[in-house]
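A.B. asks: Here it is: the structure, laid out below.
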Amino acid sequence: MRKTLLLAASGLAAMALSTAAAAQNTAAPTAPSPASATDQAAVDGQTDDADAAASSDIVVTAQGRAQVLADVPVAISAVSAETLQNSGANDIRQLNQVAPSLLVTSTGSEANGSPRIRGIGTVGDNPGLESSVVVLIDGVYRSRAGIGLNELGEIDRVEVLRGPQGTLGGRNSSAGLLSIVSKKPAFTFGANGEVTYGNYDFWRLAAGVTGPITENVAFRLDGVYVKRDGFYNDRVNDTTVNDRDRFFGRAQLLFEPTDDISFRLIGDYTKRDESCCAATYVSSSMNEAIGNLNNPATPLATGLAGGNNIINVLRDLGQDLGAFNQKYSRDISVTPGRSYGGDMQDWGVSGQLDWDFGGVKLTSITAYRDYYNTQAGDVDYGTVDILYNADDGNNRRQFRTFTQELRLNGTAFDDKLDWLVGGFYMDEKFRGKSNLRFGSQYGRFAACRVVSGSLATLYSPTTPGCISPTGRAVIAGLVPGVPSPFGAAGGTVLAAFDTLESISDRGSTIDRYNQNSRSFAAFTHNIIHVTDTIDLTLGLRYTNERKRFSATFGNDNAACVANQQRLTPFLTNPGLAALAGGLIGLSCQGNSTLELNGVGISDTRSEDEFTGTAVASWKPIDDLLVYGSYSRGYKAGGFNFDRSALKAPTLSFASFGGGSAQAGAQALVGNLQFDAETVNAFEIGAKYATGPFSLSVAAFRQDFSNFQLNTFDGTVFIVENVNGCSSSLNGGDRDQNKFAAAPNFNAGAVASGQCPNGDVGHGVRSQGVELEATLVPIRDFRFTAGLTYADTKFRDQLVGDASGAPLNQALGKLPGQQLSLAPEIVVTTSAAWTPDLGSSGLSALFYVDSRLSGDYNTGSDLFPQKAQDGFALVNARVGIRGPDQRWAVEFWAQNVFNQDYAQVAFNSPFQEGAVSAAFQDPQYPGGRQIFSNFLAEPRTYGVTLRGRF
């Protein structure tokens with residue numbers, strides 16, 4: 001696959017360079033860009049600037065001003081409304097197909113989808129982490145990028161800014177920015193409608209109307225309703241999962257009392273009532289190069305000698321073994337009665353004022369947004385009832401966000417200086433609840449997990465404690481002449497197994513997480529016209545950030561405290577320490593303990609950060625721009641909203657606070673903090689645009705310090721800063737002992753990998769080349785192509801935080817490796833042909849786009865079991881359109897060739913095999929851990945009817 005990608009990339013580069021000269025000599029007229037028509041491209045009320053651009057120029061606002069794309073010395077992709085429509089993109093996830101440096105995935109909750117640019121993004125479903133790629137819709141910051149996984153309505157264009165965006169307005173971002181611009185009201189009447197039907201009983205109804213109310217006031221109304229069956233089959237509960245049932249509405253008013261004043265008021269509302277998000281077990285045949293990952297179960301004849309003991313346990317408790325080798329079948333394993341039901345409501349209102357005072361322009365954007373999501377789930381992703389979130393509305397998250405942005409820009413010194421100053425303020429309140437509970441079979445599963453590993457000859461899944469009657473007698477020392485293997489502690493061990501098995505439907509009664517965030521930024525961004533052809537851009541931003549965090553816990557799991565009290569004395573006994581630690585850990589998994597019931601914790605953090613940019617650009621000829629830039633970006637630190645990260649489960653909370661669980665939990669609250677992520681980025685590039693041909697090339701290097709990594713090790717959500725060390729760690733950061741199974745991590749590995757003081761630097765480097773080309777040889781044909789080569793890797797010597805502390809022991813696979821979800825090479829192409837059909841006024845549409853992606857790993861811990869082979873996705877659309885496109889009939893397909901692939905693979909919760917040598921796989925880290933994955937959507941197809949007037 002790698003060779004294929006290299007050949008494709010070489011061919012793309014050759015095409016772009018060879019067509020440049022030919023394109024300049026093409027006599028055919030240039031087709032207007034759909035994103036460049038003046039009434040669509042001018043935004044933020046800066047119509048005069050847009051009018052100055054030729055109709056064939058794409059106008060963007062990446063630098064807070066309306067500028068022709070070819071004149072902006074920034075790596076940016078502008079995706080037009082027509083391209084979005086042809087590709088079938090209705091939310092930001094589908095932008096992958098037309099933006100090679102972008103990859104958007106979603107996992108256990110679409111409330112926290114993850115976009116990545118140049119291989120950098122935020123992974124996982126933890127709402128405490130902000131996105132590395134910020135999403136703005138009509139200039140308004142969305143609190144988490146996953147909120148953009150909604151219907152977008154009528155869109156003018158999407159701007160994909162690559163690299164850190166830490167100078168201008170809006171929220172800081174360390175990797176990039178997605179700016180979505182909706183169509184604004186028009187002063188001429190118009191309406192549009194669309195009906196789509198497809199497989200999976202897919203219906204999409206959309207309509208919009210715009211026009212004048214008075215001479216100075218115009219309106220626009222847009223609405224979308226979508227319904228579709230899910231592509232996962234839950235045959236146990238006779239339903240489907242990952243369905244669609246959503247409504248989106250947006251209303252706008254545009255008030256233009258004079259040529260110098262424009263005010264745009266926008267209100268929108270989204271409602272979703274859907275089941276999301278199921279996963280399947282990773283099959284051993286999904287990626288043949290990896291081999292037999294989820295090893296099939298073997299007979300119990302000799303006490304589980306061989307195979308994966310956890311698969312044997314799951315089988316004996318009711319799991320169908322076929323689920324471990326079903327390839328890309330979308331039949332899911334679900335506990336009877338469990339649900340993936342979710343409800344989401346998102347609404348907001350914003351007002352944008354643009355006022356030209358004559359030489360100085362004021363832009364003010366004021367917004368309030370309220371986002372609410374509840375999500376149930378059978379989150380062990382199997383038939384056996386191990387772990388779940390109830391469908392009672394108590395697993396929820398809510399963001400209420402107020403933002404205010406103010407900009408002033410103008411010119412000075414005979415237009416030699418184009419200056420901009422401004423400020424940004426955000427006040428955000430997060431309120432979250434968690435009701436994660438052990439299922440009805442968790443206790444039996446946990447007991448069998450221990451017995452099937454270290455006491456395999458005593459394994460009996462149908463008897464108390466999962467121990468055979470004879471085994472119980474032996475452990476208790478009741479068999480004459482047969483001493484108990486645990487001596488006088490035999491009775492205590494049996495009591496601990498029975499207590500562990502008693503855990504049934506226990507855990508969180510409701511945990512509450514609250515965070516109040518306040519951010520203020522002042523910025524300036526100035527373009528100095530040194531000569532008629534040379535510009536110098538200088539920008540600086542100061543940000544002050546404060547977060548106040550609190551949490552209160554409710555829990556009814558009494559088994560944890562009982563086994564801690566019973567077994568803690570044995571943690572120092574060489575013969576019993578491993579068993580005692582395992583029993584306590586499984587009793588207290590995820591710090592689920594009655595000891596936390598009623599306990600509250602709180603903490604505060606604040607940050608001050610300077611970011612900025614410096615860009616030198618030169619236009620040696622009118623059609624060519626070359627530039628070089630430096631920029632510093634920043635993403636705020638915060639708190640891990642997961643109680644399991646407070647401590648390891650073997651010791652009680654009271655032991656950290658002088659006998660008080662409250663004091664102990666508060667003493668541990670610092671373990672939830674993670675530091676701000678910063679990046680120093682360098683870029684050189686060139687943009688060539690003339691008539692029917694355009695080409696942009698950018699080479700970049702980005703160094704990230706305190707890189708924020710989120711990973712799930714099968715037990716705990718780990719949020720860790722990652723840095724690099726110049727000195728050799730002698731393998732301490734990749735010690736294979738770090739891969740010992742939870743909850744019995746090798747304590748010796750924790751102390752290894754310490755970096756000397758003053759020797760800590762960046763932990764991640766992303767470097768590479770991007771190329772985008774557009775060719776319009778004739779009016780009715782448009783071809784685009786893009787190539788991204790991004791070498792996005794962790795450094796060879798890795799440590800944790802900036803003090804040089806050792807890397808978390810679950811992350812020993814990271815040093816020197818490519819980041820997850822970061823293919824080295826991506827190639828995208830699209831072609832649209834719209835020939836006239838005779839002289840009737842009818843025209844045809846032939847459209848196809850493709851995305852060819854190299855190999856990459858889908859798990860943030862980079863276990864090779866989570867690898868995804870390279871693949872290609874193709875979308876296509878054909879249709880016939882009436883005169884002036886007043887109506888259209890289009891047949892479409894997405895993922896035309898039904899390419900199967902995984903979005904994200906992860907450690908199946910609590911489903912890790914025994915830690916003894918007999919059950920370790922020496923070839924791969926993770927031992928006998930079982931893995932699951934969130935599959936991408938299959939092929940979809942249908943027909944769309946459009947009309948407008």
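Residues are named by chain letter and number: chains run A, B, ... in the order of the structure tokens, numbers start at 1 in each chain, and ligands are numbered from 1 in the order shown.
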Might you pull out every residue within 8 Å of range 790-806 of chain A, with only C-alpha atoms counted and same-chain residues fewer than 4 positions away left off, and present them as an MDAnalysis selection string?
C.D. replies: chainID A and resid 118:120 675 706 720:729 733 750:757 759:769 814:819 822:825
A.B. asks: I need the strand (DSSP E) residues of range 493-707 of chain A per DSSP on the backbone, written as an mmCIF file with C-alpha atoms, in the first residue's frame.
C.D. replies:
```cif
data_model
loop_
_atom_site.group_PDB
_atom_site.id
_atom_site.type_symbol
_atom_site.label_atom_id
_atom_site.label_comp_id
_atom_site.auth_asym_id
_atom_site.auth_seq_id
_atom_site.Cartn_x
_atom_site.Cartn_y
_atom_site.Cartn_z
ATOM 1 C CA ASP A 511 -20.839 11.595 39.958
ATOM 2 C CA ARG A 512 -21.022 15.317 39.223
ATOM 3 C CA TYR A 513 -18.289 17.323 37.491
ATOM 4 C CA ASN A 514 -18.383 21.117 37.314
ATOM 5 C CA GLN A 515 -15.968 23.528 35.687
ATOM 6 C CA ASN A 516 -16.173 27.278 35.293
ATOM 7 C CA SER A 517 -13.773 28.619 32.673
ATOM 8 C CA ARG A 518 -12.964 32.234 32.021
ATOM 9 C CA SER A 519 -10.639 33.343 29.239
ATOM 10 C CA PHE A 520 -9.548 36.771 28.109
ATOM 11 C CA ALA A 521 -7.271 37.593 25.183
ATOM 12 C CA ALA A 522 -5.951 40.788 23.623
ATOM 13 C CA PHE A 523 -4.406 40.592 20.172
ATOM 14 C CA THR A 524 -2.992 42.565 17.300
ATOM 15 C CA HIS A 525 -2.349 41.463 13.721
ATOM 16 C CA ASN A 526 -0.628 43.860 11.353
ATOM 17 C CA ILE A 527 0.361 43.649 7.680
ATOM 18 C CA ILE A 528 3.177 46.002 6.730
ATOM 19 C CA HIS A 529 3.485 46.675 2.984
ATOM 20 C CA ILE A 534 6.872 42.555 -0.140
ATOM 21 C CA ASP A 535 4.713 42.280 2.994
ATOM 22 C CA LEU A 536 5.636 41.650 6.605
ATOM 23 C CA THR A 537 2.928 40.361 8.918
ATOM 24 C CA LEU A 538 3.392 40.618 12.679
ATOM 25 C CA GLY A 539 0.888 39.341 15.210
ATOM 26 C CA LEU A 540 0.861 38.997 18.983
ATOM 27 C CA ARG A 541 -1.719 37.665 21.429
ATOM 28 C CA TYR A 542 -1.864 37.605 25.211
ATOM 29 C CA THR A 543 -4.220 35.086 26.826
ATOM 30 C CA ASN A 544 -5.231 34.774 30.456
ATOM 31 C CA GLU A 545 -7.040 31.571 31.354
ATOM 32 C CA ARG A 546 -8.657 30.462 34.616
ATOM 33 C CA LYS A 547 -10.497 27.201 35.343
ATOM 34 C CA ARG A 548 -12.294 26.316 38.564
ATOM 35 C CA PHE A 549 -13.043 22.633 38.924
ATOM 36 C CA SER A 550 -15.142 20.697 41.408
ATOM 37 C CA ALA A 551 -16.599 17.222 41.615
ATOM 38 C CA THR A 552 -18.785 15.271 44.007
ATOM 39 C CA GLY A 600 -16.236 16.320 47.070
ATOM 40 C CA ILE A 601 -13.046 17.745 45.584
ATOM 41 C CA SER A 602 -12.112 21.094 44.055
ATOM 42 C CA ASP A 603 -9.152 22.798 42.430
ATOM 43 C CA THR A 604 -8.247 25.903 40.410
ATOM 44 C CA ARG A 605 -5.650 26.546 37.739
ATOM 45 C CA SER A 606 -4.700 29.694 35.822
ATOM 46 C CA GLU A 607 -2.427 30.385 32.865
ATOM 47 C CA ASP A 608 -0.883 33.371 31.120
ATOM 48 C CA GLU A 609 0.436 32.805 27.623
ATOM 49 C CA PHE A 610 1.870 34.882 24.778
ATOM 50 C CA THR A 611 1.445 33.564 21.253
ATOM 51 C CA GLY A 612 2.031 35.192 17.918
ATOM 52 C CA THR A 613 3.199 35.037 14.353
ATOM 53 C CA ALA A 614 5.659 36.584 11.940
ATOM 54 C CA VAL A 615 5.272 36.165 8.176
ATOM 55 C CA ALA A 616 7.345 37.516 5.315
ATOM 56 C CA SER A 617 5.736 37.284 1.866
ATOM 57 C CA TRP A 618 6.822 38.327 -1.622
ATOM 58 C CA LYS A 619 5.008 38.533 -4.956
ATOM 59 C CA PRO A 620 7.717 38.445 -7.629
ATOM 60 C CA ILE A 621 4.958 38.424 -10.250
ATOM 61 C CA LEU A 624 2.866 34.083 -7.590
ATOM 62 C CA LEU A 625 3.156 34.483 -3.826
ATOM 63 C CA VAL A 626 5.998 33.021 -1.777
ATOM 64 C CA TYR A 627 6.205 33.244 2.004
ATOM 65 C CA GLY A 628 7.922 32.071 5.144
ATOM 66 C CA SER A 629 6.407 32.138 8.612
ATOM 67 C CA TYR A 630 6.884 31.412 12.292
ATOM 68 C CA SER A 631 3.974 31.008 14.674
ATOM 69 C CA ARG A 632 3.504 29.977 18.259
ATOM 70 C CA GLY A 633 0.276 28.282 19.278
ATOM 71 C CA TYR A 634 -1.307 27.288 22.529
ATOM 72 C CA LYS A 635 -4.054 25.040 23.882
ATOM 73 C CA GLY A 638 -7.265 21.649 32.358
ATOM 74 C CA PHE A 639 -8.681 18.790 34.384
ATOM 75 C CA GLN A 673 -4.542 18.382 36.211
ATOM 76 C CA PHE A 674 -2.686 18.535 32.915
ATOM 77 C CA GLU A 677 0.064 22.453 25.188
ATOM 78 C CA THR A 678 2.307 24.796 23.167
ATOM 79 C CA VAL A 679 3.735 24.599 19.658
ATOM 80 C CA ASN A 680 6.440 26.399 17.699
ATOM 81 C CA ALA A 681 5.704 26.151 13.981
ATOM 82 C CA PHE A 682 7.742 27.080 10.907
ATOM 83 C CA GLU A 683 6.429 27.105 7.361
ATOM 84 C CA ILE A 684 7.531 28.075 3.882
ATOM 85 C CA GLY A 685 5.166 28.071 0.963
ATOM 86 C CA ALA A 686 4.157 29.305 -2.449
ATOM 87 C CA LYS A 687 0.845 30.013 -4.160
ATOM 88 C CA TYR A 688 0.427 30.325 -7.896
ATOM 89 C CA ALA A 689 -2.937 31.270 -9.375
ATOM 90 C CA THR A 690 -3.820 32.413 -12.851
ATOM 91 C CA PHE A 693 -4.885 26.905 -12.870
ATOM 92 C CA SER A 694 -3.835 27.276 -9.258
ATOM 93 C CA LEU A 695 -1.195 25.517 -7.198
ATOM 94 C CA SER A 696 -0.179 25.913 -3.572
ATOM 95 C CA VAL A 697 2.726 24.220 -1.826
ATOM 96 C CA ALA A 698 3.667 24.392 1.849
ATOM 97 C CA ALA A 699 6.498 22.786 3.806
ATOM 98 C CA PHE A 700 6.096 22.811 7.577
ATOM 99 C CA ARG A 701 7.688 21.811 10.864
ATOM 100 C CA GLN A 702 5.773 21.956 14.150
ATOM 101 C CA ASP A 703 7.234 21.108 17.580
ATOM 102 C CA PHE A 704 4.751 20.420 20.395
ATOM 103 C CA SER A 705 5.659 20.672 24.074
ATOM 104 C CA PHE A 707 1.486 17.474 24.103
#
```
A.B. asks: Can you tell me how far CA of Leu314 in chain A sits from CA of Arg449 in chain A, in Å to one decimal?
C.D. replies: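 For CA of Leu314 in chain A relative to CA of Arg449 in chain A, the distance reads 9.2 Å.
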A.B. asks: Using 10 Å as the limit and counting only C-alpha atoms, can you tabulate each residue of range 336-426 of chain A that touches range 129-141 of chain A, with its shortest atom-to-atom distance in Å and the two atoms involved, as JSON lines?
C.D. replies:
```
{"residue": "A:Gly348", "atom": "CA", "partner": "A:Val140", "partner_atom": "CA", "distance": 9.8}
{"residue": "A:Val349", "atom": "CA", "partner": "A:Val140", "partner_atom": "CA", "distance": 9.6}
{"residue": "A:Ser350", "atom": "CA", "partner": "A:Val140", "partner_atom": "CA", "distance": 7.6}
{"residue": "A:Gly351", "atom": "CA", "partner": "A:Val140", "partner_atom": "CA", "distance": 9.7}
{"residue": "A:Gln352", "atom": "CA", "partner": "A:Gly139", "partner_atom": "CA", "distance": 8.8}
{"residue": "A:Ile365", "atom": "CA", "partner": "A:Gly139", "partner_atom": "CA", "distance": 7.3}
{"residue": "A:Thr366", "atom": "CA", "partner": "A:Val140", "partner_atom": "CA", "distance": 8.2}
{"residue": "A:Ala367", "atom": "CA", "partner": "A:Val140", "partner_atom": "CA", "distance": 6.7}
{"residue": "A:Tyr368", "atom": "CA", "partner": "A:Val140", "partner_atom": "CA", "distance": 8.9}
{"residue": "A:Arg369", "atom": "CA", "partner": "A:Val140", "partner_atom": "CA", "distance": 9.1}
{"residue": "A:Thr401", "atom": "CA", "partner": "A:Tyr141", "partner_atom": "CA", "distance": 8.9}
{"residue": "A:Phe402", "atom": "CA", "partner": "A:Tyr141", "partner_atom": "CA", "distance": 9.4}
{"residue": "A:Thr403", "atom": "CA", "partner": "A:Tyr141", "partner_atom": "CA", "distance": 7.6}
{"residue": "A:Gln404", "atom": "CA", "partner": "A:Val140", "partner_atom": "CA", "distance": 8.9}
{"residue": "A:Glu405", "atom": "CA", "partner": "A:Val140", "partner_atom": "CA", "distance": 8.9}
{"residue": "A:Met426", "atom": "CA", "partner": "A:Tyr141", "partner_atom": "CA", "distance": 9.2}
```
A.B. asks: Restricting the calculation to only C-alpha atoms, which member of A:Arg65, A:Tyr340, A:Arg244, A:Thr462 is positioned closest to Leu362 in chain A?
C.D. replies: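 Smallest distance to Leu362 in chain A is found for A:Arg65.
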A.B. asks: Counting only C-alpha atoms, figure out which residue out of A:Asp316, A:Asp156, A:Asp234, A:Glu595 gets nearest to Tyr459 in chain A.
C.D. replies: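 Going through A:Asp316, A:Asp156, A:Asp234, A:Glu595 one by one, the smallest distance to Tyr459 in chain A is for A:Asp316.
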A.B. asks: Asp836 in chain A: which residues within 10 Å, counting only C-alpha atoms, same-chain residues fewer than 4 positions away excluded, as a ChimeraX atom specification?
C.D. replies: /A:780,840-845,880-881,883
A.B. asks: Can you write out the residues you just picked, keeping N, CA and C atoms, as a CSV table (one decimal), in the first residue's frame?
C.D. replies:
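The file below, selection.csv, is the result:
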```
chain,number,residue,atom,x,y,z
A,780,ASP,N,-16.9,23.9,-18.2
A,780,ASP,CA,-17.7,22.9,-17.6
A,780,ASP,C,-16.9,21.8,-16.9
A,840,SER,N,-31.3,23.0,-24.8
A,840,SER,CA,-32.5,23.0,-24.1
A,840,SER,C,-32.4,23.7,-22.8
A,841,GLY,N,-31.2,24.1,-22.4
A,841,GLY,CA,-31.0,24.6,-21.0
A,841,GLY,C,-30.7,23.6,-20.0
A,842,LEU,N,-30.9,22.3,-20.3
A,842,LEU,CA,-30.5,21.3,-19.4
A,842,LEU,C,-29.0,21.1,-19.3
A,843,SER,N,-28.6,20.6,-18.2
A,843,SER,CA,-27.2,20.2,-18.1
A,843,SER,C,-27.1,18.9,-17.2
A,844,ALA,N,-25.9,18.3,-17.4
A,844,ALA,CA,-25.7,17.0,-16.6
A,844,ALA,C,-24.6,17.3,-15.5
A,845,LEU,N,-24.6,16.4,-14.6
A,845,LEU,CA,-23.6,16.5,-13.5
A,845,LEU,C,-22.9,15.2,-13.4
A,880,ILE,N,-29.1,15.2,-13.6
A,880,ILE,CA,-29.5,16.1,-14.7
A,880,ILE,C,-30.1,17.3,-14.0
A,881,ARG,N,-29.9,18.5,-14.6
A,881,ARG,CA,-30.3,19.7,-14.0
A,881,ARG,C,-31.1,20.6,-15.0
A,883,PRO,N,-33.0,24.2,-16.5
A,883,PRO,CA,-32.4,25.5,-16.9
A,883,PRO,C,-32.1,26.3,-15.6
```
A.B. asks: Would you return as a tab-separated table (two decimals) with N, CA and C atoms, in the first residue's frame the members of range 439-655 of chain A that DSSP assigns to alpha helix (DSSP H) on this structure's backbone?
C.D. replies:
```tsv
chain	number	residue	atom	x	y	z
A	442	TYR	N	-20.68	-8.50	36.45
A	442	TYR	CA	-19.30	-8.06	36.65
A	442	TYR	C	-18.59	-8.88	37.73
A	443	GLY	N	-19.26	-9.12	38.89
A	443	GLY	CA	-18.60	-9.82	39.97
A	443	GLY	C	-18.15	-11.22	39.57
A	444	ARG	N	-19.04	-11.94	38.91
A	444	ARG	CA	-18.66	-13.30	38.47
A	444	ARG	C	-17.55	-13.22	37.41
A	445	PHE	N	-17.67	-12.28	36.49
A	445	PHE	CA	-16.64	-12.10	35.47
A	445	PHE	C	-15.28	-11.80	36.11
A	446	ALA	N	-15.23	-10.88	37.08
A	446	ALA	CA	-13.98	-10.49	37.70
A	446	ALA	C	-13.36	-11.65	38.47
A	447	ALA	N	-14.18	-12.39	39.21
A	447	ALA	CA	-13.65	-13.52	39.95
A	447	ALA	C	-13.10	-14.58	38.99
A	448	CYS	N	-13.84	-14.87	37.94
A	448	CYS	CA	-13.38	-15.86	36.96
A	448	CYS	C	-12.13	-15.39	36.25
A	449	ARG	N	-12.02	-14.07	36.03
A	449	ARG	CA	-10.82	-13.53	35.39
A	449	ARG	C	-9.58	-13.87	36.20
A	450	VAL	N	-9.65	-13.71	37.53
A	450	VAL	CA	-8.50	-14.01	38.38
A	450	VAL	C	-8.25	-15.51	38.43
A	451	VAL	N	-9.29	-16.28	38.67
A	451	VAL	CA	-9.11	-17.73	38.81
A	451	VAL	C	-8.59	-18.34	37.52
A	452	SER	N	-9.11	-17.93	36.39
A	452	SER	CA	-8.71	-18.53	35.11
A	452	SER	C	-7.26	-18.23	34.77
A	453	GLY	N	-6.68	-17.24	35.42
A	453	GLY	CA	-5.29	-16.93	35.16
A	453	GLY	C	-4.35	-17.60	36.14
A	454	SER	N	-4.35	-17.14	37.39
A	454	SER	CA	-3.36	-17.62	38.36
A	454	SER	C	-3.78	-18.90	39.06
A	469	PRO	N	-15.77	-26.71	43.86
A	469	PRO	CA	-15.94	-27.12	45.27
A	469	PRO	C	-14.67	-27.74	45.86
A	470	THR	N	-13.99	-28.56	45.07
A	470	THR	CA	-12.75	-29.14	45.57
A	470	THR	C	-11.72	-28.05	45.79
A	471	GLY	N	-11.65	-27.10	44.87
A	471	GLY	CA	-10.69	-26.00	45.02
A	471	GLY	C	-10.96	-25.17	46.26
A	472	ARG	N	-12.24	-24.94	46.57
A	472	ARG	CA	-12.56	-24.17	47.77
A	472	ARG	C	-12.10	-24.90	49.02
A	473	ALA	N	-12.29	-26.20	49.00
A	473	ALA	CA	-11.85	-26.97	50.16
A	473	ALA	C	-10.33	-26.93	50.31
A	474	VAL	N	-9.62	-27.00	49.18
A	474	VAL	CA	-8.16	-26.94	49.23
A	474	VAL	C	-7.70	-25.58	49.74
A	475	ILE	N	-8.27	-24.51	49.22
A	475	ILE	CA	-7.86	-23.16	49.63
A	475	ILE	C	-8.14	-22.96	51.11
A	476	ALA	N	-9.28	-23.49	51.59
A	476	ALA	CA	-9.64	-23.32	53.00
A	476	ALA	C	-8.84	-24.22	53.93
A	490	GLY	N	-5.96	-18.72	53.78
A	490	GLY	CA	-6.87	-19.35	52.84
A	490	GLY	C	-8.31	-18.89	52.99
A	491	GLY	N	-8.78	-18.83	54.22
A	491	GLY	CA	-10.15	-18.38	54.45
A	491	GLY	C	-10.36	-16.94	54.02
A	492	THR	N	-9.35	-16.10	54.25
A	492	THR	CA	-9.44	-14.70	53.84
A	492	THR	C	-9.51	-14.59	52.32
A	493	VAL	N	-8.74	-15.40	51.63
A	493	VAL	CA	-8.76	-15.38	50.16
A	493	VAL	C	-10.13	-15.79	49.64
A	494	LEU	N	-10.70	-16.84	50.21
A	494	LEU	CA	-12.04	-17.25	49.77
A	494	LEU	C	-13.07	-16.15	50.02
A	495	ALA	N	-12.99	-15.52	51.17
A	495	ALA	CA	-13.93	-14.44	51.48
A	495	ALA	C	-13.77	-13.29	50.49
A	496	ALA	N	-12.53	-13.02	50.08
A	496	ALA	CA	-12.30	-11.95	49.12
A	496	ALA	C	-12.89	-12.28	47.76
A	497	PHE	N	-12.76	-13.55	47.33
A	497	PHE	CA	-13.37	-13.94	46.05
A	497	PHE	C	-14.90	-13.83	46.12
A	498	ASP	N	-15.47	-14.25	47.23
A	498	ASP	CA	-16.92	-14.18	47.35
A	498	ASP	C	-17.40	-12.73	47.39
A	499	THR	N	-16.64	-11.87	48.06
A	499	THR	CA	-17.00	-10.45	48.11
A	499	THR	C	-16.90	-9.82	46.72
A	500	LEU	N	-15.85	-10.18	46.00
A	500	LEU	CA	-15.71	-9.66	44.64
A	500	LEU	C	-16.89	-10.08	43.78
A	501	GLU	N	-17.28	-11.36	43.90
A	501	GLU	CA	-18.38	-11.84	43.07
A	501	GLU	C	-19.70	-11.18	43.44
A	558	ALA	N	-19.79	-1.47	47.99
A	558	ALA	CA	-19.19	-1.76	49.30
A	558	ALA	C	-18.08	-2.80	49.21
A	559	ALA	N	-18.01	-3.56	48.12
A	559	ALA	CA	-17.01	-4.62	48.02
A	559	ALA	C	-15.60	-4.07	48.02
A	560	CYS	N	-15.41	-2.88	47.47
A	560	CYS	CA	-14.08	-2.29	47.40
A	560	CYS	C	-13.50	-2.09	48.79
A	561	VAL	N	-14.24	-1.41	49.66
A	561	VAL	CA	-13.75	-1.13	51.01
A	561	VAL	C	-13.52	-2.43	51.76
A	562	ALA	N	-14.44	-3.39	51.62
A	562	ALA	CA	-14.31	-4.66	52.33
A	562	ALA	C	-13.03	-5.39	51.95
A	563	ASN	N	-12.74	-5.46	50.66
A	563	ASN	CA	-11.54	-6.17	50.23
A	563	ASN	C	-10.27	-5.38	50.49
A	564	GLN	N	-10.34	-4.05	50.47
A	564	GLN	CA	-9.17	-3.27	50.87
A	564	GLN	C	-8.81	-3.57	52.32
A	565	GLN	N	-9.79	-3.56	53.18
A	565	GLN	CA	-9.53	-3.83	54.60
A	565	GLN	C	-9.04	-5.25	54.82
A	566	ARG	N	-9.59	-6.17	54.05
A	566	ARG	CA	-9.26	-7.58	54.24
A	566	ARG	C	-7.88	-7.92	53.69
A	567	LEU	N	-7.50	-7.33	52.57
A	567	LEU	CA	-6.32	-7.79	51.85
A	567	LEU	C	-5.12	-6.86	51.90
A	577	ALA	N	1.09	-10.97	47.42
A	577	ALA	CA	0.93	-9.58	46.97
A	577	ALA	C	0.22	-9.49	45.62
A	578	ALA	N	0.61	-10.34	44.66
A	578	ALA	CA	0.01	-10.25	43.33
A	578	ALA	C	-1.48	-10.57	43.37
A	579	LEU	N	-1.83	-11.66	44.08
A	579	LEU	CA	-3.24	-12.03	44.17
A	579	LEU	C	-4.04	-10.99	44.94
A	580	ALA	N	-3.48	-10.52	46.05
A	580	ALA	CA	-4.19	-9.51	46.84
A	580	ALA	C	-4.40	-8.23	46.04
A	581	GLY	N	-3.36	-7.80	45.33
A	581	GLY	CA	-3.48	-6.59	44.52
A	581	GLY	C	-4.51	-6.75	43.43
A	582	GLY	N	-4.55	-7.94	42.81
A	582	GLY	CA	-5.51	-8.18	41.76
A	582	GLY	C	-6.94	-8.17	42.27
A	583	LEU	N	-7.18	-8.79	43.42
A	583	LEU	CA	-8.52	-8.83	43.97
A	583	LEU	C	-9.00	-7.45	44.41
A	584	ILE	N	-8.08	-6.68	45.03
A	584	ILE	CA	-8.46	-5.31	45.42
A	584	ILE	C	-8.73	-4.48	44.17
A	585	GLY	N	-7.82	-4.57	43.20
A	585	GLY	CA	-7.96	-3.77	41.99
A	585	GLY	C	-9.27	-4.03	41.27
A	586	LEU	N	-9.67	-5.30	41.16
A	586	LEU	CA	-10.91	-5.63	40.48
A	586	LEU	C	-12.13	-5.26	41.32
A	587	SER	N	-11.99	-5.26	42.63
A	587	SER	CA	-13.09	-4.82	43.49
A	587	SER	C	-13.29	-3.32	43.42
```
A.B. asks: In Å, with one decimal, what is the gap from CA of Lys227 in chain A to CA of Tyr328 in chain A?
C.D. replies: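 Answer for the CA of Lys227 in chain A to CA of Tyr328 in chain A separation: 24.0 Å.
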A.B. asks: Mind pulling up the distance from CA of Val104 in chain A to CA of Gly423 in chain A?
C.D. replies: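 The value is 29.6 Å.
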